[in-house]
$ cat my_file03.txt   # compact mmCIF, C-alpha atoms
# COMPACT_ATOMS: atom_id res chain seq x y z
CA MET O 26 78.64 71.29 88.91
CA ALA O 27 78.57 75.05 88.64
CA ASN O 28 76.97 77.17 91.26
CA TYR O 29 74.98 79.51 89.09
CA TYR O 30 74.95 82.57 91.34
CA ASP O 31 78.45 82.31 92.78
CA LEU O 32 80.80 84.78 91.09
CA ASP O 33 83.89 83.01 92.35
CA ASP O 34 82.62 79.77 90.98
CA ILE O 35 82.01 81.28 87.57
CA LEU O 36 85.48 82.81 87.51
CA THR O 37 87.00 79.49 88.51
CA GLU O 38 85.37 77.80 85.59
CA GLU O 39 86.82 80.39 83.24
CA GLU O 40 90.33 79.14 83.99
CA TYR O 41 91.98 77.43 81.06
CA VAL O 42 93.16 73.87 81.31
CA ASN O 43 95.15 71.84 78.89
CA VAL O 44 93.29 68.82 77.52
CA HIS O 45 94.31 65.99 75.29
CA PHE O 46 91.77 65.05 72.61
CA ARG O 47 91.30 61.32 72.28
CA PHE O 48 89.25 61.45 69.11
CA GLU O 49 89.05 63.65 66.11
CA ALA O 50 86.47 66.36 66.79
CA ALA O 51 84.63 67.71 63.78
CA GLY O 52 84.03 71.44 63.62
CA LEU O 53 85.92 72.30 66.79
CA GLY O 54 88.90 73.80 64.98
CA VAL O 55 88.07 77.24 66.37
CA LEU O 56 89.20 76.10 69.78
CA ASP O 57 92.70 75.30 68.62
CA PRO O 58 94.66 78.29 67.32
CA GLY O 59 97.23 75.97 65.79
CA SER O 60 94.72 73.97 63.81
CA GLU O 61 94.85 74.28 60.05
CA HIS O 62 91.37 73.03 59.30
CA ASP O 63 87.94 72.86 60.86
CA ASN O 64 88.57 69.76 62.91
CA ILE O 65 90.70 68.96 65.91
CA ASP O 66 92.84 65.92 65.28
CA ALA O 67 92.94 63.00 67.66
CA GLY O 68 95.85 63.44 70.05
CA ALA O 69 95.93 67.23 69.85
CA ASN O 70 96.59 69.23 72.99
CA VAL O 71 94.30 72.22 73.31
CA GLU O 72 93.69 74.80 76.01
CA ILE O 73 90.00 75.12 76.77
CA PRO O 74 88.06 76.63 79.65
CA LEU O 75 87.24 74.37 82.56
CA TRP O 76 83.49 74.42 82.03
CA LEU O 77 83.94 72.97 78.56
CA ALA O 78 86.66 70.58 79.61
CA HIS O 79 84.44 69.22 82.37
CA ASP O 80 81.66 68.16 80.03
CA LEU O 81 84.00 66.81 77.42
CA CYS O 82 85.84 64.88 80.06
CA ASN O 83 82.63 63.38 81.39
CA ARG O 84 81.93 62.00 77.93
CA LYS O 85 85.46 60.62 77.70
CA PHE O 86 86.30 62.75 74.67
CA VAL O 87 89.31 64.32 76.30
CA SER O 88 91.70 63.64 79.13
CA ILE O 89 92.79 66.42 81.44
CA LYS O 90 96.35 67.51 81.95
CA LEU O 91 96.91 69.26 85.24
CA PRO O 92 98.05 72.90 84.98
CA TYR O 93 101.70 73.57 85.71
CA PHE O 94 101.01 74.92 89.20
CA TYR O 95 100.04 71.48 90.46
CA ASN O 96 103.21 69.82 89.24
CA GLU O 97 106.04 68.27 91.16
CA ARG O 98 108.19 71.39 91.33
CA VAL O 99 105.47 73.45 92.94
CA ARG O 100 104.71 70.67 95.39
CA LYS O 101 108.33 70.67 96.50
CA GLU O 102 108.24 74.43 96.95
CA ILE O 103 105.17 74.13 99.11
CA GLN O 104 106.73 71.39 101.15
CA ALA O 105 109.70 73.64 101.76
CA ASP O 106 107.72 76.64 102.95
CA ALA O 107 104.07 76.78 102.08
CA SER O 108 103.40 80.33 103.14
CA CYS O 109 106.03 81.93 100.95
CA VAL O 110 104.78 80.50 97.67
CA ASP O 111 103.05 83.01 95.48
CA LEU O 112 99.96 81.01 94.63
CA GLY O 113 97.87 84.08 93.87
CA ARG O 114 99.97 84.89 90.84
CA TRP O 115 99.65 81.44 89.32
CA CYS O 116 95.98 81.02 89.84
CA PRO O 117 93.66 83.16 91.97
CA TYR O 118 91.40 80.17 92.49
CA PHE O 119 94.09 77.64 93.23
CA TYR O 120 92.03 75.52 95.64
CA GLU O 121 88.69 75.67 93.87
CA LEU O 122 90.25 74.77 90.57
CA GLY O 123 92.11 71.94 92.21
CA LEU O 124 88.94 70.60 93.76
CA LYS O 125 87.19 70.65 90.44
CA LEU O 126 90.07 69.02 88.63
CA ALA O 127 90.69 66.33 91.24
CA PRO O 128 87.85 63.99 90.19
CA MET O 129 88.70 64.43 86.52
CA SER O 130 92.42 64.02 86.59
CA SER O 131 94.25 60.75 86.88
CA ASP O 132 96.37 62.03 89.74
CA PRO O 133 95.09 60.59 93.03
CA THR O 134 97.35 62.75 95.19
CA LEU O 135 95.93 66.10 94.13
CA GLY O 136 93.25 66.19 96.83
CA SER O 137 95.63 65.46 99.65
CA PHE O 138 98.16 67.88 98.23
CA LEU O 139 95.59 70.69 98.33
CA LEU O 140 94.70 69.87 101.91
CA TYR O 141 98.36 69.81 102.87
CA CYS O 142 98.89 73.12 101.17
CA LEU O 143 95.91 74.69 102.89
CA GLN O 144 97.09 73.44 106.25
CA GLY O 145 100.55 74.85 105.79
CA ARG O 146 99.39 78.23 104.65
CA TYR O 147 96.52 78.46 107.11
CA LYS O 148 98.89 78.47 110.08
CA GLU O 149 100.73 81.51 108.87
CA MET O 150 97.54 83.29 107.99
CA LEU O 151 95.98 82.66 111.39
CA CYS O 152 98.77 84.52 113.12
CA LYS O 153 99.38 87.23 110.61
CA SER O 154 95.88 88.22 109.69
CA HIS O 155 94.85 88.87 113.29
CA THR O 156 97.92 90.84 114.21
CA VAL O 157 98.93 92.85 111.15
CA ALA O 158 98.70 96.61 111.21
CA LEU O 159 95.16 97.50 110.41
CA THR O 160 95.86 100.51 108.27
CA THR O 161 98.39 99.33 105.74
CA ALA O 162 98.01 96.38 103.42
CA PRO O 163 100.69 93.94 104.49
CA LYS O 164 103.14 92.49 102.04
CA PHE O 165 102.04 88.89 102.32
CA VAL O 166 98.56 89.69 101.05
CA THR O 167 99.83 89.65 97.50
CA LEU O 168 100.81 86.00 97.88
CA LEU O 169 97.32 84.86 98.78
CA THR O 170 94.82 83.26 96.50
CA GLN O 171 91.32 84.60 96.30
CA GLU O 172 90.00 82.01 98.78
CA GLU O 173 92.72 82.80 101.27
CA PHE O 174 92.16 86.49 100.84
CA GLN O 175 88.54 86.07 101.89
CA LEU O 176 89.74 84.38 105.07
CA PHE O 177 92.24 87.12 105.68
CA GLU O 178 89.62 89.79 105.13
CA ALA O 179 87.25 88.15 107.59
CA ALA O 180 89.93 88.17 110.27
CA ARG O 181 91.01 91.71 109.57
CA ASP O 182 87.47 93.03 109.60
CA SER O 183 86.64 91.41 112.92
CA MET O 184 89.79 92.86 114.48
CA LYS O 185 88.92 96.23 113.05
CA ALA O 186 85.42 96.06 114.46
CA TYR O 187 86.76 95.04 117.86
CA ASN O 188 89.26 97.87 117.99
CA LYS O 189 86.60 100.31 116.95
CA TRP O 190 84.39 99.10 119.76
CA ARG O 191 87.26 99.14 122.25
CA PHE O 192 88.61 102.59 121.57
CA GLN O 193 85.61 104.50 120.41
CA GLY O 194 84.59 107.61 122.28
CA CYS O 195 80.96 108.54 122.56
CA ARG O 196 78.71 105.61 121.90
CA LEU O 197 75.40 107.38 121.70
CA GLU O 198 74.48 108.59 118.28
CA ARG O 199 71.46 110.73 117.78
CA ALA O 200 69.26 109.60 114.96
CA ALA O 201 69.14 112.15 112.19
CA VAL O 202 65.37 112.17 112.34
CA LEU O 203 65.27 113.20 115.98
CA GLY O 204 67.43 116.27 115.64
CA ARG O 205 65.54 117.53 112.65
CA LYS O 206 62.18 117.06 114.27
CA ARG O 207 63.09 119.00 117.36
CA ARG O 208 64.43 121.93 115.40
CA HIS O 209 61.33 121.82 113.26
CA ASN O 210 59.10 122.04 116.31
CA ALA O 211 61.13 124.83 117.82
CA LEU O 212 60.77 126.82 114.65
CA LEU O 213 57.09 126.20 114.42
CA SER O 214 56.11 126.78 118.02
CA PRO O 215 56.36 130.59 118.10
CA PHE O 216 53.93 130.77 115.24
CA GLU O 217 51.56 128.38 116.92
CA LEU O 218 51.71 130.35 120.12
CA SER O 219 51.16 133.67 118.45
CA MET T 13 78.48 75.21 97.94
CA ALA T 14 75.13 76.69 98.79
CA ALA T 15 75.96 76.44 102.48
CA ARG T 16 79.12 78.39 101.92
CA SER T 17 77.46 81.46 100.51
CA SER T 18 74.72 81.54 103.11
CA SER T 19 77.19 81.40 105.98
CA ASP T 20 78.81 84.67 104.97
CA ALA T 21 76.11 86.55 106.80
CA GLU T 22 76.18 84.19 109.77
CA SER T 23 79.90 84.33 110.33
CA ALA T 24 79.74 87.97 111.43
CA LEU T 25 76.89 87.30 113.77
CA PHE T 26 77.43 89.98 116.40
CA SER T 27 79.03 93.38 116.36
CA GLY T 28 80.95 94.65 119.36
CA ALA T 29 78.03 96.77 120.44
CA GLU T 30 75.68 93.80 120.31
CA VAL T 31 77.92 91.66 122.49
CA GLU T 32 78.12 94.57 124.88
CA PHE T 33 74.35 94.73 124.93
CA LEU T 34 74.19 91.07 125.94
CA ALA T 35 76.75 91.70 128.65
CA GLU T 36 74.58 94.38 130.20
CA ASP T 37 72.31 91.67 131.58
CA ASP T 38 74.99 90.53 134.01
CA THR T 39 74.30 91.57 137.56
CA VAL T 40 76.44 94.02 139.44
CA VAL T 41 76.36 95.16 143.07
CA MET T 42 75.48 98.77 143.62
CA VAL T 43 75.06 101.02 146.63
CA PRO T 44 72.13 103.34 146.07
CA THR T 45 71.99 106.85 147.44
CA LEU T 46 68.23 107.13 147.20
CA ARG T 47 65.18 105.42 148.57
CA MET T 48 63.08 103.63 145.99
CA ASP T 49 60.51 100.83 145.85
CA THR T 50 61.10 97.44 144.29
CA LEU T 51 61.39 97.53 140.51
CA HIS T 52 59.39 94.84 138.75
CA LEU T 53 61.20 94.08 135.52
CA ILE T 54 60.75 91.26 133.05
CA CYS T 55 64.09 89.77 134.10
CA GLY T 56 63.09 89.81 137.76
CA ASP T 57 62.39 92.06 140.74
CA PHE T 58 65.14 94.34 141.98
CA GLY T 59 65.16 96.36 145.13
CA PRO T 60 63.81 97.83 147.34
CA PHE T 61 66.54 100.43 147.30
CA MET T 62 67.68 101.93 150.60
CA PRO T 63 70.55 104.38 150.92
CA GLN T 64 73.87 102.65 151.70
CA VAL T 65 72.39 99.14 151.44
CA PRO T 66 74.08 97.18 148.66
CA THR T 67 71.75 95.46 146.17
CA SER T 68 72.48 93.57 142.99
CA VAL T 69 70.92 94.87 139.80
CA PRO T 70 71.48 94.31 136.09
CA LEU T 71 74.44 96.20 134.75
CA TRP T 72 72.36 98.38 132.46
CA LEU T 73 70.22 99.52 135.36
CA GLY T 74 73.26 100.19 137.49
CA ILE T 75 74.87 102.27 134.76
CA ALA T 76 71.70 104.19 134.10
CA MET T 77 71.40 105.08 137.79
CA LYS T 78 75.10 105.83 138.06
CA LYS T 79 74.82 108.30 135.21
CA ARG T 80 72.12 110.11 137.13
CA GLY T 81 74.22 110.08 140.29
CA LYS T 82 71.82 107.85 142.20
CA CYS T 83 74.26 105.12 143.22
CA ARG T 84 77.83 103.92 143.37
CA LEU T 85 78.81 100.75 141.57
CA ARG T 86 80.98 98.12 143.16
CA ALA T 87 83.55 96.26 141.09
CA PRO T 88 82.87 92.50 140.89
CA GLU T 89 85.09 90.23 142.97
CA TRP T 90 87.11 89.06 140.00
CA MET T 91 87.97 92.64 139.04
CA THR T 92 90.61 93.16 141.70
CA VAL T 93 94.30 93.56 141.14
CA GLU T 94 95.18 90.49 143.24
CA ASN T 95 92.76 88.22 141.48
CA LEU T 96 93.65 89.44 138.01
CA THR T 97 97.37 89.14 138.68
CA GLN T 98 96.83 85.57 139.75
CA VAL T 99 94.73 84.82 136.69
CA LEU T 100 97.35 86.34 134.43
CA GLU T 101 100.06 84.21 135.97
CA LEU T 102 97.98 81.07 135.63
CA GLU T 103 97.16 81.94 132.04
CA ARG T 104 100.83 82.24 131.26
CA ASP T 105 101.70 79.04 133.05
CA SER T 106 99.17 76.77 131.37
CA PRO T 107 99.45 77.05 127.61
CA GLN T 108 96.66 74.57 126.94
CA GLU T 109 93.71 75.81 128.96
CA PHE T 110 91.92 79.01 129.76
CA GLN T 111 91.27 80.28 133.28
CA PRO T 112 87.63 80.60 134.28
CA LEU T 113 86.64 84.23 133.98
CA PRO T 114 83.13 85.60 133.60
CA PHE T 115 81.74 85.05 130.12
CA HIS T 116 81.50 88.78 129.52
CA TYR T 117 84.62 89.93 131.32
CA VAL T 118 85.89 92.12 128.49
CA GLU T 119 82.65 93.99 128.09
CA VAL T 120 81.78 94.30 131.78
CA SER T 121 85.19 95.71 132.65
CA ARG T 122 85.00 98.12 129.75
CA LEU T 123 81.52 99.32 130.75
CA LEU T 124 82.51 99.80 134.35
CA MET T 125 85.64 101.68 133.44
CA ASP T 126 83.80 103.95 131.07
CA ASN T 127 80.88 104.73 133.32
CA ALA T 128 81.99 104.23 136.89
CA ARG T 129 85.66 105.09 136.81
CA ASP T 130 85.53 107.00 140.10
CA ASP T 131 84.08 103.99 141.95
CA LEU T 132 86.86 101.58 141.03
CA VAL T 133 90.19 101.19 142.77
CA ASP T 134 93.46 100.90 140.83
CA VAL T 135 91.73 101.56 137.54
CA TYR T 136 94.88 101.76 135.47
CA MET T 137 96.32 98.61 136.96
CA VAL T 138 93.10 96.68 136.42
CA GLN T 139 92.79 97.98 132.90
CA THR T 140 96.32 96.95 132.02
CA LEU T 141 95.88 93.54 133.61
CA ILE T 142 92.69 92.83 131.71
CA GLU T 143 94.30 93.90 128.48
CA ASP T 144 97.25 91.62 129.20
CA ILE T 145 95.02 88.70 130.05
CA ARG T 146 93.08 89.20 126.88
CA ASN T 147 96.25 89.29 124.82
CA VAL T 148 97.66 86.17 126.42
CA ARG T 149 94.42 84.32 125.89
CA PHE T 150 94.13 85.48 122.32
CA HIS T 151 97.63 84.32 121.59
CA LYS T 152 96.72 80.98 123.12
CA VAL T 153 93.69 80.71 120.88
CA GLN T 154 95.85 81.37 117.89
CA SER T 155 98.54 78.89 118.75
CA GLY T 156 95.90 76.30 119.61
CA LEU T 157 93.98 76.70 116.41
CA GLN T 158 97.08 76.27 114.33
CA ASN T 159 96.72 72.55 114.62
CA LEU T 160 93.61 72.40 112.55
CA SER T 161 93.33 69.61 110.06
CA GLY T 162 90.78 68.26 107.66
CA LYS T 163 89.50 65.84 110.28
CA THR T 164 88.58 68.62 112.67
CA HIS T 165 84.90 69.27 112.42
CA ALA T 166 84.56 71.08 115.70
CA VAL T 167 86.85 72.40 118.37
CA LYS T 168 86.11 72.77 122.02
CA LEU T 169 87.36 75.90 123.73
CA LYS T 170 86.41 75.81 127.36
CA ASN T 171 86.13 79.07 129.33
CA LEU T 172 86.50 81.25 126.28
CA ALA T 173 84.75 84.58 126.70
CA ALA T 174 82.05 86.04 124.48
CA MET T 175 84.16 88.77 122.96
CA GLU T 176 87.01 86.41 122.22
CA VAL T 177 84.72 83.97 120.48
CA ASN T 178 83.19 86.80 118.55
CA LEU T 179 86.59 87.98 117.48
CA ILE T 180 87.81 84.77 115.91
CA ARG T 181 84.47 83.53 114.65
CA PRO T 182 84.49 85.00 111.11
CA PHE T 183 87.93 83.75 110.27
CA PHE T 184 87.58 80.46 111.99
CA VAL T 185 84.20 79.46 110.60
CA LYS T 186 85.44 80.14 107.11
CA ALA T 187 88.63 78.22 107.69
CA LEU T 188 86.74 75.21 109.04
CA GLU T 189 84.48 75.29 106.00
CA LYS T 190 87.46 75.28 103.68
CA PHE T 191 88.95 72.35 105.53
CA TYR T 192 85.65 70.53 105.41
CA ILE T 193 85.35 70.97 101.65
CA HIS T 194 88.87 69.84 101.01
CA ASP T 195 88.68 66.91 103.32
CA ASP T 196 85.42 65.76 101.79
CA GLU T 197 86.95 65.71 98.36
CA GLU T 198 89.98 63.92 99.55
CA LEU T 199 87.95 61.10 101.05
CA ILE T 200 87.39 59.79 97.55
CA LYS T 201 90.93 58.58 97.22
CA PRO T 202 92.57 58.16 100.60
CA THR T 203 95.70 56.11 100.88
CA GLN T 204 94.71 53.13 102.94
CA SER T 205 97.30 53.20 105.68
CA GLU T 206 96.99 56.91 106.35
CA ALA T 207 93.23 56.72 106.66
CA ASP T 208 93.47 53.85 109.12
CA ILE T 209 95.89 55.68 111.36
CA GLN T 210 93.78 58.78 111.43
CA LEU T 211 90.57 56.90 112.16
CA ALA T 212 92.20 55.06 115.01
CA SER T 213 93.41 58.28 116.57
CA VAL T 214 89.93 59.76 116.28
CA ASP T 215 88.44 56.80 118.14
CA ARG T 216 90.99 56.96 120.85
CA LEU T 217 90.68 60.67 121.46
CA PRO T 218 87.19 61.63 120.45
CA ARG T 219 86.98 64.87 122.40
CA ARG T 220 90.50 66.07 122.43
CA VAL T 221 90.47 69.77 121.78
CA LEU T 222 93.46 70.39 119.63
CA ARG T 223 94.26 67.28 117.71
CA PRO T 224 97.85 66.97 116.57
CA ARG T 225 98.24 66.51 112.88
$ encode --input "my_file03.txt" --output "structure tokens"
Amino acid sequence: MANYYDLDDILTEEEYVNVHFRFEAAGLGVLDPGSEHDNIDAGANVEIPLWLAHDLCNRKFVSIKLPYFYNERVRKEIQADASCVDLGRWCPYFYELGLKLAPMSSDPTLGSFLLYCLQGRYKEMLCKSHTVALTTAPKFVTLLTQEEFQLFEAARDSMKAYNKWRFQGCRLERAAVLGRKRRHNALLSPFELS
Amino acid sequence: MAARSSSDAESALFSGAEVEFLAEDDTVVMVPTLRMDTLHLICGDFGPFMPQVPTSVPLWLGIAMKKRGKCRLRAPEWMTVENLTQVLELERDSPQEFQPLPFHYVEVSRLLMDNARDDLVDVYMVQTLIEDIRNVRFHKVQSGLQNLSGKTHAVKLKNLAAMEVNLIRPFFVKALEKFYIHDDEELIKPTQSEADIQLASVDRLPRRVLRPR
């Protein structure tokens, strides 16, 4: 499941999710700060990282509870105005985490909700990220998740490169090597001649 | 996931200078002021050059000779105020399609204005018009691409110029990838009716450019 060399992927898997233990787990008490003994009781709710939850869920030891930022209230907010919701604060990897949780959770609407959310926010980003002032960091950047920020950065960089090309002055740059060599020769030649 | 990381390098395929380099292969008409034999180049034979006899040469050759004062360059037919005004009006009138302009119009006009400013007529007017056209077209691209959905795996943008494509490519490729990933995941549990409607619309309009959501 994990992409070994992808930093974003690793960070996504570090996110904590709430799981519900179906069975008593011997020796896992360290995971639960509220546990009084070495074991986790059946029916306990514990926050564990996604990478652990994924394996435990595959073996049917636990069932996943979706984090609060996928709940009904947030969905309503996004329906109202997707681009104003501060997803970046809740979870920097909102989409990736959602994608990873979708097969595990019992909620069949999560996938389509993510797509809907992406669609809504993408429209705003398309306009804004190509037209914002290139020097200052615009206000809406703070609302973006990490994935959206990468999109925004791509757009901003290409606009920057275009403007640089459009308004640059002299296009010919002399290679550093060339200038040095010529000076070198000029210095040497009098000695050679004499 | 592997495809995603490898495409980071691909998405910024060309820099502005590289697109400009490609544009320099377009031909331009020039009026030489010197006598010279035919040039045998890999891209073809150009010349012979006689004073005051117009010949078409690649743009890079024209600019190189212009810089040495060996010729005057002629603006291409599309680079006139009348034509550009007309194009601008048509661009504004039709919000769905792009007017046919040369593939490298942004770069060619820029090169000519930088290097052969004294040979052009109405430079400022032409410059403003081209800038306006580019802005109108770019706005059109943006408003058109807003209607992207998970079912969009490709979009067709007819008559879009090289620089414009280059400008939106990084953002757009990444956005399409995101949509692809999300759509793929969603296919696991589609609601039956919704999937049917969408499939039907795809069959009916297989090549429609900007599919309504």
$ residues_around --input "my_file03.txt" --residues "O:Leu36" --least-positions-apart "3" --cutoff "12 Å" --atoms "all atoms listed in the file" --output "number ranges by chain"
O: 27-33, 39-41, 74-76, 116-119, 121-122, 171
$ residues_around --input "my_file03.txt" --residues "T:Met77" --least-positions-apart "3" --cutoff "12 Å" --atoms "only C-alpha atoms" --output "ChimeraX atom specification"
/T:42-46,48,61,69-74,80-85,127-128
$ interface_residues --input "my_file03.txt" --of "chain T" --to "chain O" --cutoff "6 Å" --atoms "only C-alpha atoms" --output "list in words"
Gly28, Gln158, Leu179, Pro182, Phe183, His194 and Glu198 of chain T
$ atom_distance --input "my_file03.txt" --atom1 "atom CA of T:Arg104" --atom2 "atom CA of T:Gly156"
14.0 Å
$ atom_distance --input "my_file03.txt" --atom1 "atom CA of O:Cys142" --atom2 "atom CA of O:Cys109"
11.3 Å
$ atom_distance --input "my_file03.txt" --atom1 "atom CA of T:Phe184" --atom2 "atom CA of T:Leu157"
8.6 Å
$ residues_near_point --input "my_file03.txt" --point "(82.4, 87.5, 138.5)" --cutoff "10 Å" --atoms "only C-alpha atoms" --output "ChimeraX atom specification"
/T:38-40,87-91,112-117,120
$ axis_aligned_box --input "my_file03.txt" --around "stretch 116-131 of chain T" --padding-each-side "6 Å" --output "JSON"
{"center_x": 83.4, "center_y": 97.9, "center_z": 135.0, "size_x": 17.0, "size_y": 30.2, "size_z": 25.9}
$ residues_around --input "my_file03.txt" --residues "O:Gly113" --least-positions-apart "4" --cutoff "6 Å" --atoms "all atoms listed in the file" --output "MDAnalysis selection string"
chainID O and resid 117 168:170
$ residues_around --input "my_file03.txt" --residues "O:His62" --least-positions-apart "2" --cutoff "12 Å" --atoms "only C-alpha atoms" --output "list of chain:residue names"
O:Glu49, O:Ala50, O:Ala51, O:Gly52, O:Leu53, O:Gly54, O:Val55, O:Leu56, O:Asp57, O:Pro58, O:Gly59, O:Ser60, O:Asn64, O:Ile65, O:Asp66
$ residues_around --input "my_file03.txt" --residues "O:Val87" --least-positions-apart "3" --cutoff "10 Å" --atoms "all atoms listed in the file" --output "PyMOL selection string"
chain O and resi 43-48+67-71+78-84+90
